[in-house]
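Student: For reference, the file protein28.txt (compact mmCIF, C-alpha atoms and all ligand atoms) is included below:
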# COMPACT_ATOMS: atom_id res chain seq x y z
CA MET A 1 10.70 -44.82 118.98
CA LYS A 2 9.39 -45.60 122.39
CA ASN A 3 7.40 -48.71 123.16
CA GLU A 4 5.94 -49.49 126.57
CA MET A 5 3.92 -52.11 128.36
CA HIS A 6 2.41 -52.38 131.83
CA LEU A 7 1.44 -55.63 133.50
CA GLU A 8 -0.44 -56.39 136.70
CA PHE A 9 -1.07 -59.88 138.07
CA SER A 10 -2.07 -61.77 141.19
CA ALA A 11 0.79 -62.46 143.63
CA LEU A 12 0.81 -66.23 143.06
CA SER A 13 4.05 -68.18 142.69
CA GLN A 14 2.60 -69.98 139.66
CA ASN A 15 2.70 -66.61 137.85
CA GLU A 16 6.48 -66.34 138.04
CA SER A 17 6.91 -68.16 134.73
CA PHE A 18 4.24 -66.06 133.11
CA ALA A 19 5.96 -62.85 134.25
CA ARG A 20 9.29 -64.06 132.82
CA VAL A 21 7.74 -64.86 129.45
CA THR A 22 5.82 -61.59 129.27
CA VAL A 23 8.87 -59.42 129.90
CA ALA A 24 11.17 -61.52 127.69
CA SER A 25 8.74 -61.67 124.78
CA PHE A 26 8.34 -57.88 124.89
CA ILE A 27 12.10 -57.36 124.86
CA ALA A 28 12.51 -59.93 122.05
CA GLN A 29 11.67 -57.11 119.60
CA LEU A 30 15.11 -55.64 120.21
CA ASP A 31 16.65 -58.95 119.16
CA PRO A 32 18.71 -59.59 122.29
CA THR A 33 21.08 -62.54 122.53
CA MET A 34 19.80 -65.68 124.25
CA ASP A 35 22.11 -64.89 127.18
CA GLU A 36 20.71 -61.38 127.60
CA LEU A 37 17.21 -62.83 127.65
CA THR A 38 18.18 -65.38 130.28
CA GLU A 39 19.69 -62.65 132.45
CA ILE A 40 16.59 -60.52 132.20
CA LYS A 41 14.30 -63.46 132.95
CA THR A 42 16.38 -64.33 136.00
CA VAL A 43 16.13 -60.75 137.27
CA VAL A 44 12.34 -60.84 136.77
CA SER A 45 12.20 -64.11 138.72
CA GLU A 46 14.15 -62.63 141.62
CA ALA A 47 12.14 -59.43 141.86
CA VAL A 48 8.75 -61.09 141.40
CA THR A 49 9.59 -63.81 143.93
CA ASN A 50 10.60 -61.10 146.41
CA ALA A 51 7.31 -59.27 145.89
CA ILE A 52 5.32 -62.45 146.44
CA ILE A 53 7.12 -63.97 149.41
CA HIS A 54 8.46 -60.87 151.18
CA GLY A 55 6.16 -58.10 150.01
CA TYR A 56 2.91 -60.03 150.33
CA GLU A 57 4.02 -63.10 152.32
CA GLU A 58 2.18 -65.16 149.71
CA ASN A 59 -1.19 -63.42 150.15
CA CYS A 60 -2.74 -64.20 146.77
CA GLU A 61 -4.82 -61.03 146.85
CA GLY A 62 -1.69 -58.93 146.44
CA LYS A 63 -0.87 -57.53 143.01
CA VAL A 64 2.52 -57.35 141.35
CA TYR A 65 3.12 -54.54 138.84
CA ILE A 66 5.70 -54.69 136.05
CA SER A 67 6.40 -51.93 133.53
CA VAL A 68 8.85 -52.11 130.67
CA THR A 69 9.84 -49.31 128.31
CA LEU A 70 12.01 -49.96 125.26
CA GLU A 71 13.88 -47.01 123.79
CA ASP A 72 16.65 -47.47 121.24
CA HIS A 73 18.53 -50.45 122.62
CA VAL A 74 17.80 -49.79 126.27
CA VAL A 75 15.39 -51.69 128.51
CA TYR A 76 13.84 -49.73 131.40
CA MET A 77 11.99 -52.00 133.80
CA THR A 78 10.08 -51.37 137.02
CA ILE A 79 8.82 -54.13 139.33
CA ARG A 80 6.58 -52.97 142.14
CA ASP A 81 4.45 -54.27 144.97
CA GLU A 82 2.28 -52.57 147.57
CA GLY A 83 3.29 -54.95 150.31
CA LEU A 84 5.18 -54.76 153.56
CA GLY A 85 8.22 -52.81 152.36
CA ILE A 86 11.85 -53.19 153.43
CA THR A 87 12.84 -51.86 156.88
CA ASP A 88 16.62 -51.70 156.44
CA LEU A 89 17.48 -51.29 152.78
CA GLU A 90 21.25 -51.23 153.16
CA GLU A 91 21.14 -54.46 155.09
CA ALA A 92 18.69 -56.07 152.67
CA ARG A 93 21.00 -55.39 149.73
CA GLN A 94 23.92 -57.26 151.30
CA PRO A 95 24.78 -60.54 149.62
CA LEU A 96 23.44 -63.55 151.56
CA PHE A 97 21.20 -61.41 153.80
CA THR A 98 17.70 -62.79 154.16
CA THR A 99 14.85 -62.28 156.62
CA LYS A 100 13.47 -65.74 155.77
CA PRO A 101 16.20 -68.31 156.40
CA GLU A 102 13.54 -70.91 157.23
CA LEU A 103 12.53 -70.86 153.54
CA GLU A 104 16.11 -71.67 152.53
CA ARG A 105 16.36 -68.34 150.74
CA SER A 106 19.79 -67.66 149.29
CA GLY A 107 19.76 -63.95 150.13
CA MET A 108 21.26 -63.32 146.69
CA GLY A 109 18.33 -61.66 144.89
CA PHE A 110 19.62 -58.11 144.91
CA THR A 111 23.17 -59.23 144.14
CA ILE A 112 21.89 -61.07 141.06
CA MET A 113 19.91 -58.03 139.93
CA GLU A 114 22.98 -55.83 140.29
CA ASN A 115 25.12 -58.29 138.34
CA PHE A 116 22.73 -58.75 135.44
CA MET A 117 21.46 -55.19 135.04
CA ASP A 118 23.39 -51.97 134.44
CA ASP A 119 21.50 -50.02 137.07
CA VAL A 120 19.32 -50.98 140.03
CA SER A 121 17.53 -48.55 142.30
CA ILE A 122 15.15 -49.46 145.13
CA ASP A 123 12.45 -47.39 146.81
CA SER A 124 10.74 -48.98 149.75
CA SER A 125 8.69 -48.15 152.84
CA PRO A 126 5.97 -49.84 154.90
CA GLU A 127 3.38 -47.34 153.61
CA MET A 128 4.32 -47.55 149.95
CA GLY A 129 5.59 -51.08 149.40
CA THR A 130 8.64 -51.72 147.24
CA THR A 131 9.59 -50.40 143.80
CA ILE A 132 12.63 -51.73 141.95
CA ARG A 133 13.86 -49.77 138.90
CA LEU A 134 16.28 -51.54 136.60
CA THR A 135 18.04 -50.60 133.38
CA LYS A 136 19.85 -52.73 130.84
CA HIS A 137 21.65 -51.59 127.69
CA LEU A 138 21.47 -54.37 125.14
CA SER A 139 24.50 -55.02 122.94
CA LYS A 140 24.24 -53.63 119.43
CA SER A 141 27.01 -55.69 117.89
CA LYS A 142 24.82 -57.93 115.81
CA ALA A 143 25.23 -59.16 112.23
CA LEU A 144 25.22 -56.19 109.87
CA CYS A 145 22.36 -57.40 107.70
CA ASN A 146 19.28 -57.12 109.86
CA MET B 1 -8.97 -70.29 142.73
CA LYS B 2 -9.08 -67.17 140.68
CA ASN B 3 -6.07 -65.82 138.85
CA GLU B 4 -6.07 -62.58 136.89
CA MET B 5 -3.78 -60.43 134.83
CA HIS B 6 -4.08 -57.01 133.22
CA LEU B 7 -1.91 -55.82 130.37
CA GLU B 8 -1.57 -52.44 128.71
CA PHE B 9 0.69 -51.70 125.74
CA SER B 10 1.35 -49.20 122.97
CA ALA B 11 -0.84 -49.61 119.88
CA LEU B 12 1.97 -50.75 117.59
CA SER B 13 1.53 -53.66 115.18
CA GLN B 14 4.93 -55.00 116.27
CA ASN B 15 3.32 -55.73 119.66
CA GLU B 16 0.79 -58.15 118.22
CA SER B 17 3.00 -61.23 118.67
CA PHE B 18 3.89 -60.07 122.16
CA ALA B 19 0.18 -59.80 123.07
CA ARG B 20 -0.55 -63.28 121.69
CA VAL B 21 2.29 -64.93 123.56
CA THR B 22 1.50 -63.10 126.81
CA VAL B 23 -2.10 -64.30 126.82
CA ALA B 24 -1.01 -67.80 125.72
CA SER B 25 1.55 -68.01 128.49
CA PHE B 26 -1.04 -67.06 131.11
CA ILE B 27 -3.61 -69.54 129.85
CA ALA B 28 -1.00 -72.30 129.50
CA GLN B 29 -1.31 -72.74 133.29
CA LEU B 30 -4.62 -74.51 132.66
CA ASP B 31 -2.83 -76.93 130.32
CA PRO B 32 -5.14 -76.47 127.31
CA THR B 33 -4.72 -78.44 124.08
CA MET B 34 -2.70 -76.95 121.24
CA ASP B 35 -5.92 -76.29 119.32
CA GLU B 36 -7.40 -74.33 122.22
CA LEU B 37 -4.24 -72.30 122.64
CA THR B 38 -3.96 -71.61 118.92
CA GLU B 39 -7.59 -70.52 118.79
CA ILE B 40 -7.14 -68.12 121.67
CA LYS B 41 -3.93 -66.72 120.16
CA THR B 42 -5.76 -66.13 116.87
CA VAL B 43 -8.61 -64.36 118.64
CA VAL B 44 -6.14 -62.12 120.46
CA SER B 45 -4.49 -61.28 117.11
CA GLU B 46 -7.79 -60.34 115.54
CA ALA B 47 -8.96 -58.16 118.40
CA VAL B 48 -5.61 -56.46 118.93
CA THR B 49 -5.21 -55.78 115.20
CA ASN B 50 -8.69 -54.26 115.17
CA ALA B 51 -7.82 -51.98 118.08
CA ILE B 52 -4.61 -50.83 116.37
CA ILE B 53 -5.82 -50.30 112.81
CA HIS B 54 -9.47 -49.41 113.34
CA GLY B 55 -9.59 -48.09 116.89
CA TYR B 56 -6.45 -45.97 116.69
CA GLU B 57 -5.76 -45.94 112.94
CA GLU B 58 -2.19 -46.86 113.85
CA ASN B 59 -1.59 -43.89 116.14
CA CYS B 60 1.22 -45.31 118.28
CA GLU B 61 0.20 -43.19 121.26
CA GLY B 62 -2.95 -45.28 121.66
CA LYS B 63 -3.04 -47.96 124.35
CA VAL B 64 -4.50 -51.44 124.05
CA TYR B 65 -5.81 -53.06 127.26
CA ILE B 66 -6.11 -56.82 127.76
CA SER B 67 -7.45 -58.51 130.88
CA VAL B 68 -7.62 -62.25 131.46
CA THR B 69 -9.21 -64.03 134.41
CA LEU B 70 -8.85 -67.78 134.89
CA GLU B 71 -11.41 -69.49 137.08
CA ASP B 72 -11.79 -73.25 137.18
CA HIS B 73 -11.40 -74.16 133.54
CA VAL B 74 -12.88 -71.01 132.10
CA VAL B 75 -11.00 -68.17 130.40
CA TYR B 76 -12.58 -64.70 130.67
CA MET B 77 -10.84 -62.21 128.41
CA THR B 78 -11.42 -58.52 127.70
CA ILE B 79 -9.68 -56.58 124.92
CA ARG B 80 -10.28 -52.85 124.97
CA ASP B 81 -9.24 -49.66 123.24
CA GLU B 82 -10.19 -46.03 123.73
CA GLY B 83 -10.22 -45.29 120.04
CA LEU B 84 -12.77 -44.29 117.45
CA GLY B 85 -15.47 -46.83 118.28
CA ILE B 86 -17.76 -48.70 115.89
CA THR B 87 -20.63 -46.74 114.34
CA ASP B 88 -22.82 -49.62 113.16
CA LEU B 89 -22.16 -52.67 115.29
CA GLU B 90 -24.59 -55.01 113.57
CA GLU B 91 -23.03 -54.22 110.23
CA ALA B 92 -19.49 -54.53 111.57
CA ARG B 93 -20.18 -58.04 112.85
CA GLN B 94 -21.22 -59.32 109.43
CA PRO B 95 -18.76 -61.71 107.82
CA LEU B 96 -16.63 -60.03 105.15
CA PHE B 97 -17.70 -56.50 106.18
CA THR B 98 -14.78 -54.10 106.46
CA THR B 99 -14.43 -50.32 106.50
CA LYS B 100 -10.86 -50.62 105.20
CA PRO B 101 -10.91 -52.59 101.94
CA GLU B 102 -7.82 -50.68 100.78
CA LEU B 103 -5.83 -52.52 103.45
CA GLU B 104 -6.98 -55.86 102.06
CA ARG B 105 -8.75 -56.63 105.30
CA SER B 106 -10.69 -59.87 105.21
CA GLY B 107 -13.61 -58.56 107.25
CA MET B 108 -13.58 -61.88 109.12
CA GLY B 109 -12.29 -60.77 112.53
CA PHE B 110 -15.55 -60.94 114.43
CA THR B 111 -16.57 -64.16 112.68
CA ILE B 112 -13.31 -65.77 113.80
CA MET B 113 -13.83 -64.58 117.38
CA GLU B 114 -17.35 -66.00 117.40
CA ASN B 115 -16.15 -69.33 116.02
CA PHE B 116 -13.27 -69.80 118.42
CA MET B 117 -14.82 -68.49 121.64
CA ASP B 118 -17.97 -69.61 123.44
CA ASP B 119 -19.24 -66.08 123.99
CA VAL B 120 -18.44 -62.72 122.40
CA SER B 121 -19.95 -59.43 123.47
CA ILE B 122 -19.01 -56.01 122.09
CA ASP B 123 -19.53 -52.57 123.61
CA SER B 124 -18.58 -49.67 121.44
CA SER B 125 -19.15 -45.95 121.00
CA PRO B 126 -17.18 -42.96 119.70
CA GLU B 127 -16.86 -41.57 123.26
CA MET B 128 -15.83 -44.80 124.92
CA GLY B 129 -13.92 -46.75 122.30
CA THR B 130 -14.42 -50.49 121.92
CA THR B 131 -14.52 -53.28 124.52
CA ILE B 132 -14.67 -56.93 123.47
CA ARG B 133 -15.54 -59.51 126.15
CA LEU B 134 -14.85 -63.12 125.32
CA THR B 135 -15.29 -66.39 127.21
CA LYS B 136 -13.92 -69.84 126.52
CA HIS B 137 -14.54 -73.01 128.48
CA LEU B 138 -11.51 -75.24 128.17
CA SER B 139 -12.05 -78.98 127.86
CA LYS B 140 -11.57 -80.92 131.06
CA SER B 141 -10.95 -84.31 129.49
CA LYS B 142 -7.42 -84.46 130.74
CA ALA B 143 -5.22 -87.33 131.79
CA LEU B 144 -5.86 -88.26 135.40
CA CYS B 145 -2.21 -88.02 136.37
CA ASN B 146 -1.23 -84.38 135.99
CA ILE C 1 -8.67 -69.09 109.08
CA GLY C 2 -6.34 -66.33 110.18
CA GLU C 3 -2.82 -67.42 110.95
CA ILE C 4 -2.89 -70.91 112.35
CA GLN C 5 0.48 -71.91 113.63
CA ARG C 6 1.07 -75.61 113.97
CA PHE C 7 4.04 -76.12 116.19
CA ILE C 8 5.30 -79.62 115.65
CA ARG C 9 2.59 -81.88 114.35
CA ASP C 10 -0.94 -81.51 113.15
CA ASP C 11 -2.37 -83.23 116.19
CA GLY C 12 -4.07 -80.24 117.76
CA THR C 13 -5.34 -82.28 120.67
CA VAL C 14 -1.82 -82.69 121.99
CA LYS C 15 -1.43 -80.96 125.30
CA VAL C 16 0.29 -77.59 125.11
CA SER C 17 2.77 -78.51 127.80
CA ARG C 18 4.05 -81.46 125.80
CA SER C 19 4.07 -79.61 122.49
CA LEU C 20 5.92 -76.66 123.95
CA LYS C 21 8.47 -78.97 125.57
CA GLU C 22 9.22 -80.54 122.21
CA LEU C 23 9.66 -77.13 120.66
CA GLY C 24 11.74 -76.07 123.63
CA ASN C 25 14.10 -78.97 123.01
CA LYS C 26 14.40 -77.97 119.36
CA ILE C 27 15.32 -74.48 120.52
CA ARG C 28 18.00 -75.86 122.78
CA ARG C 29 19.50 -77.81 119.89
CA ALA C 30 19.25 -74.80 117.57
CA LYS C 31 21.05 -72.66 120.12
CA ASP C 32 23.90 -75.17 120.33
CA GLU C 33 24.18 -75.52 116.56
CA LEU C 34 24.10 -71.80 115.89
CA SER C 35 26.60 -71.11 118.66
CA LYS C 36 29.03 -73.35 116.85
CA THR C 37 28.45 -71.95 113.35
CA LEU C 38 28.38 -68.30 114.47
CA GLY C 39 31.12 -68.58 117.07
CA ARG C 40 29.01 -66.62 119.56
CA VAL C 41 25.69 -66.84 121.42
CA PRO C 42 22.88 -66.48 118.88
CA THR C 43 20.21 -63.80 119.12
CA VAL C 44 16.57 -64.72 119.63
CA GLN C 45 15.71 -63.73 116.05
CA GLU C 46 18.46 -65.95 114.68
CA ILE C 47 16.92 -68.92 116.48
CA ALA C 48 13.43 -67.88 115.37
CA ASP C 49 14.50 -67.69 111.72
CA HIS C 50 16.27 -71.04 111.97
CA LEU C 51 13.10 -72.75 113.26
CA GLU C 52 10.74 -70.62 111.16
CA ILE C 53 8.76 -69.39 114.13
CA GLU C 54 8.42 -65.98 115.75
CA ALA C 55 10.88 -64.68 118.31
CA GLU C 56 8.10 -64.40 120.90
CA ASP C 57 7.27 -68.08 120.40
CA VAL C 58 10.91 -68.96 121.03
CA VAL C 59 10.53 -67.28 124.42
CA LEU C 60 7.27 -69.12 125.15
CA ALA C 61 8.62 -72.56 124.27
CA GLN C 62 11.94 -72.05 126.04
CA GLU C 63 10.12 -71.47 129.30
CA ALA C 64 8.47 -74.88 128.94
CA VAL C 65 11.83 -76.61 129.24
CA ARG C 66 13.09 -74.55 132.13
CA ALA C 67 13.98 -76.85 135.02
CA PRO C 68 11.07 -76.71 137.47
CA SER C 69 11.85 -73.99 139.95
CA SER C 70 10.04 -73.92 143.21
CA ILE C 71 9.29 -70.53 144.66
CA HIS C 72 12.16 -71.19 147.00
CA GLU C 73 14.96 -71.40 144.52
CA THR C 74 16.11 -69.85 141.28
CA VAL C 75 17.63 -72.26 138.80
CA TYR C 76 20.23 -70.98 136.37
CA GLU C 77 20.02 -72.20 132.82
N1 LIG D 1 9.54 -56.77 147.60
C1 LIG D 1 10.00 -56.87 148.84
N2 LIG D 1 9.21 -56.56 149.90
C2 LIG D 1 9.66 -56.68 151.17
N3 LIG D 1 10.90 -57.09 151.51
C3 LIG D 1 11.74 -57.41 150.50
C4 LIG D 1 11.34 -57.31 149.13
N4 LIG D 1 12.37 -57.70 148.36
C5 LIG D 1 13.39 -57.99 149.20
N5 LIG D 1 13.02 -57.82 150.49
C6 LIG D 1 13.86 -58.00 151.70
O1 LIG D 1 15.23 -58.00 151.27
C7 LIG D 1 15.86 -59.22 151.67
C8 LIG D 1 16.89 -59.63 150.66
O2 LIG D 1 16.28 -60.00 149.43
P1 LIG D 1 17.05 -60.96 148.44
O3 LIG D 1 18.44 -60.43 148.21
O4 LIG D 1 16.21 -61.19 147.25
O5 LIG D 1 17.21 -62.30 149.28
P2 LIG D 1 16.09 -63.41 149.65
O6 LIG D 1 14.87 -63.17 148.79
O7 LIG D 1 16.77 -64.70 149.31
O8 LIG D 1 15.81 -63.27 151.10
C9 LIG D 1 14.71 -60.20 151.85
O9 LIG D 1 15.04 -61.27 152.73
C10 LIG D 1 13.60 -59.31 152.40
O10 LIG D 1 13.76 -59.10 153.78
N1 LIG D 2 -11.56 -51.84 117.90
C1 LIG D 2 -12.26 -51.32 116.87
N2 LIG D 2 -12.43 -49.98 116.78
C2 LIG D 2 -13.12 -49.44 115.76
N3 LIG D 2 -13.69 -50.14 114.76
C3 LIG D 2 -13.58 -51.48 114.79
C4 LIG D 2 -12.86 -52.14 115.84
N4 LIG D 2 -12.90 -53.47 115.61
C5 LIG D 2 -13.63 -53.64 114.50
N5 LIG D 2 -14.04 -52.46 113.99
C6 LIG D 2 -14.89 -52.23 112.80
O1 LIG D 2 -15.53 -53.48 112.51
C7 LIG D 2 -15.21 -53.86 111.14
C8 LIG D 2 -15.13 -55.36 111.05
O2 LIG D 2 -14.00 -55.86 111.79
P1 LIG D 2 -13.41 -57.28 111.41
O3 LIG D 2 -14.51 -58.28 111.36
O4 LIG D 2 -12.27 -57.57 112.30
O5 LIG D 2 -12.89 -57.06 109.92
P2 LIG D 2 -11.60 -56.26 109.39
O6 LIG D 2 -10.71 -55.95 110.55
O7 LIG D 2 -10.97 -57.21 108.42
O8 LIG D 2 -12.11 -55.03 108.72
C9 LIG D 2 -13.92 -53.13 110.83
O9 LIG D 2 -13.71 -52.98 109.44
C10 LIG D 2 -14.10 -51.82 111.58
O10 LIG D 2 -14.89 -50.93 110.83
MG MG D 3 14.92 -62.80 146.82
MG MG D 4 -10.23 -57.29 112.00
What does this structure look like when you write it as structure tokens?
Tutor:
Amino acid sequence: MKNEMHLEFSALSQNESFARVTVASFIAQLDPTMDELTEIKTVVSEAVTNAIIHGYEENCEGKVYISVTLEDHVVYMTIRDEGLGITDLEEARQPLFTTKPELERSGMGFTIMENFMDDVSIDSSPEMGTTIRLTKHLSKSKALCN
Amino acid sequence: MKNEMHLEFSALSQNESFARVTVASFIAQLDPTMDELTEIKTVVSEAVTNAIIHGYEENCEGKVYISVTLEDHVVYMTIRDEGLGITDLEEARQPLFTTKPELERSGMGFTIMENFMDDVSIDSSPEMGTTIRLTKHLSKSKALCN
Amino acid sequence: IGEIQRFIRDDGTVKVSRSLKELGNKIRRAKDELSKTLGRVPTVQEIADHLEIEAEDVVLAQEAVRAPSSIHETVYE
């Protein structure tokens, strides 16, 4: 049975925590392990932070869009902004690459997403903004009595 | 400074806890008391349950829409469905009135909303569905060091 | 009226941030305990059952004890 949710919120850094909790509490229905939840929350942090500081350069009028679909034991997540977009995607995805070194960015956002999720795909352009699609298959090896 | 969020999710009763926690997490930014948070969570439960069991009669394809705006210390919340609508609004708002006694409904949903929120307004029709607008002014008597 | 959940104590005037932090610490301890007894990382429902709260509330309280992360850094738990 399919279950979906869509979230939209102001591009304010104070909403990062809220975004993490919203996504994690939705996924909690599938009874993930505490580690899986932490990984997903971290990925949300990275993508939402990117939308706010790179996509919108902290313009609080920007909106961040998150969608999550749960089907069987798979999490399908999309995190989107209508901001500036990424000019060189291949370069952006390289570990340690950042266009904002003055903010002490680690440049590791995409690397983290790729490590913690099973699939990551990115669509981006100056006209459209940036859309990140991520998939994670949750482990099913839980206690037999559920 | 204004902060807003919009949430849409499938009309499934298993999403009720998710809706409560999502709204609570957003409002937590204003550092309410536990009573205020509990009251708002209860109101969300009541309105979301109404949308699912009365608005959509548990048709999981229905969508429930929640919007929350935070401005100064005021919470503006809207909970909406595009379901069946309420035929007699004055009657529906009466304490203990329910159109589903077979489900052991208490009929107290609207009464609870009116008790826990400062303002409750309802728009409903068979064409449009039901929209509940609620306002709550959070107490400002906080510690000076925050 | 309805379902009133009291987190830790009956003092409803306690600030949410403090109440959630206390619950968050309980969750941390529960996670450690269950990891030992189960021999693996517990699931969110296992922690929820242990503390007699809902899984979604485990998520909410756990965020309250996350080390403060500025927009400029991601902290790993
Ligand atoms: N949503 C986005 N909008 C515009 N540019 C982005 C977005 N997300 C990532 N980028 C670009 O990709 C680069 C790499 O991102 P990331 O790996 O998260 O590292 P960091 O955020 O530390 O710079 C960023 O420096 C930025 O130039
Ligand atoms: N979203 C809704 N859509 C359609 N009808 C509704 C909705 N919410 C409330 N109602 C109607 O108003 C009545 C009173 O609601 P409420 O006070 O919550 O009591 P209860 O849910 O226990 O019946 C319901 O029995 C139903 O007929
Ligand atoms: Mg980044
Ligand atoms: Mg009701």
Student: Counting all atoms listed in the file, figure out which residue out of B:Ser67, B:Asn50, B:Thr98, B:Gln14 gets nearest to ligand MG 4 (chain D).
Tutor: B:Asn50
Student: I need the contact residues of chain C against chain B, so if you could list those with any atom within 6 Å, counting only C-alpha atoms, and return them as number ranges by chain, that would help.
Tutor: C: 12-16
Student: From the list A:Ala47, A:Val75, A:Val23, A:Leu138, which residue is nearest ligand LIG 1 (chain D) when using all atoms listed in the file?
Tutor: A:Ala47
Student: Hey, list the chain A side of the contact with chain B: 6 Å cut-off, only C-alpha atoms, answer as a PyMOL selection string.
Tutor: chain A and resi 4-10+18+22+25-26
Student: Tell me, in Å to one decimal, how far atom CA of Asp57 of chain C is from atom CA of Glu33 of chain C.
Tutor: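 Between atom CA of Asp57 of chain C and atom CA of Glu33 of chain C the gap is 18.9 Å.
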